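Q: Sharing a structure below in structure tokens format, with a few things to ask.
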Amino acid sequence: MERGAVIRGRLHGRLIELDEPVDDVEEGEVEVQIRSVESATPRTPDLLEVIASLPAGNRTKADIDQQRADERSGWPGRG
């Protein structure tokens with residue numbers, strides 16, 4: 001009877017890194033079937049990708065500088 005195992009891992013070019021040891025199959029020649037799987041834990045998004053996906057702003061530098069100046073004038077000891 002054929003014995004087999006399903007073990008998740010990661011494909012790096014031509015190398016496969018398994019997430020756990022293979023105990024149910026004898027050492028020697030094996031057949032490998034590869035398919036992509038959805039990860040149980042979602043990938044943390046890249047910060048630069050998130051920033052790039054945001055819509056462009058429409059405020060000018062002068063508008064932002066004025067808002068900062070207005071806010072700072074309300075700080076204690078600055079008025």
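Labels used: A, B, ... for chains in the order of the structure tokens, numbers from 1 for residues in each chain, and numbers from 1 for ligands as shown.
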Contacts between stretch 52-68 of chain A and stretch 8-48 of chain A, please, where a residue of stretch 8-48 of chain A counts if it comes within 12 Å (with only C-alpha atoms); show its shortest atom pair and distance in Å to one decimal, rows by chain and ascending number, as a Markdown table.

A:
```
| residue | atom | partner | partner_atom | distance |
| --- | --- | --- | --- | --- |
| A:Pro45 | CA | A:Ser53 | CA | 11.2 |
| A:Asp46 | CA | A:Ala52 | CA | 10.0 |
| A:Leu47 | CA | A:Ala52 | CA | 8.6 |
| A:Leu48 | CA | A:Ala52 | CA | 6.0 |
```

Q: Taking C-alpha atoms for each residue, export the selection above as a compact mmCIF listing (two decimals), in the first residue's frame.

A:
```
# COMPACT_ATOMS: atom_id res chain seq x y z
CA PRO A 45 0.82 44.48 3.92
CA ASP A 46 3.93 46.36 2.90
CA LEU A 47 3.76 49.91 4.26
CA LEU A 48 4.95 51.46 1.00
```

Q: If you run DSSP on the backbone here, which positions in stretch 1-60 of chain A get helix (DSSP H, G or I)? Please write them as a ChimeraX atom specification.

A: /A:47-53

Q: Between atom CA of A:Arg14 and atom CA of A:Ile34, what is the distance in Å, rounded to a tenth?

A: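 Separation between atom CA of A:Arg14 and atom CA of A:Ile34: 11.6 Å.
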
Q: Counting only C-alpha atoms, which residues of stretch 19-73 of chain A sit at most 8 Å from some atom of stretch 3-11 of chain A, and what is each one's closest atom pair with its distance in Å to one decimal, listed by chain and rising residue number, as JSON lines?

A:
```
{"residue": "A:Asp19", "atom": "CA", "partner": "A:Gly9", "partner_atom": "CA", "distance": 5.0}
{"residue": "A:Glu20", "atom": "CA", "partner": "A:Ile7", "partner_atom": "CA", "distance": 6.9}
{"residue": "A:Val22", "atom": "CA", "partner": "A:Ala5", "partner_atom": "CA", "distance": 7.4}
{"residue": "A:Asp24", "atom": "CA", "partner": "A:Ala5", "partner_atom": "CA", "distance": 6.4}
{"residue": "A:Val25", "atom": "CA", "partner": "A:Gly4", "partner_atom": "CA", "distance": 6.0}
```
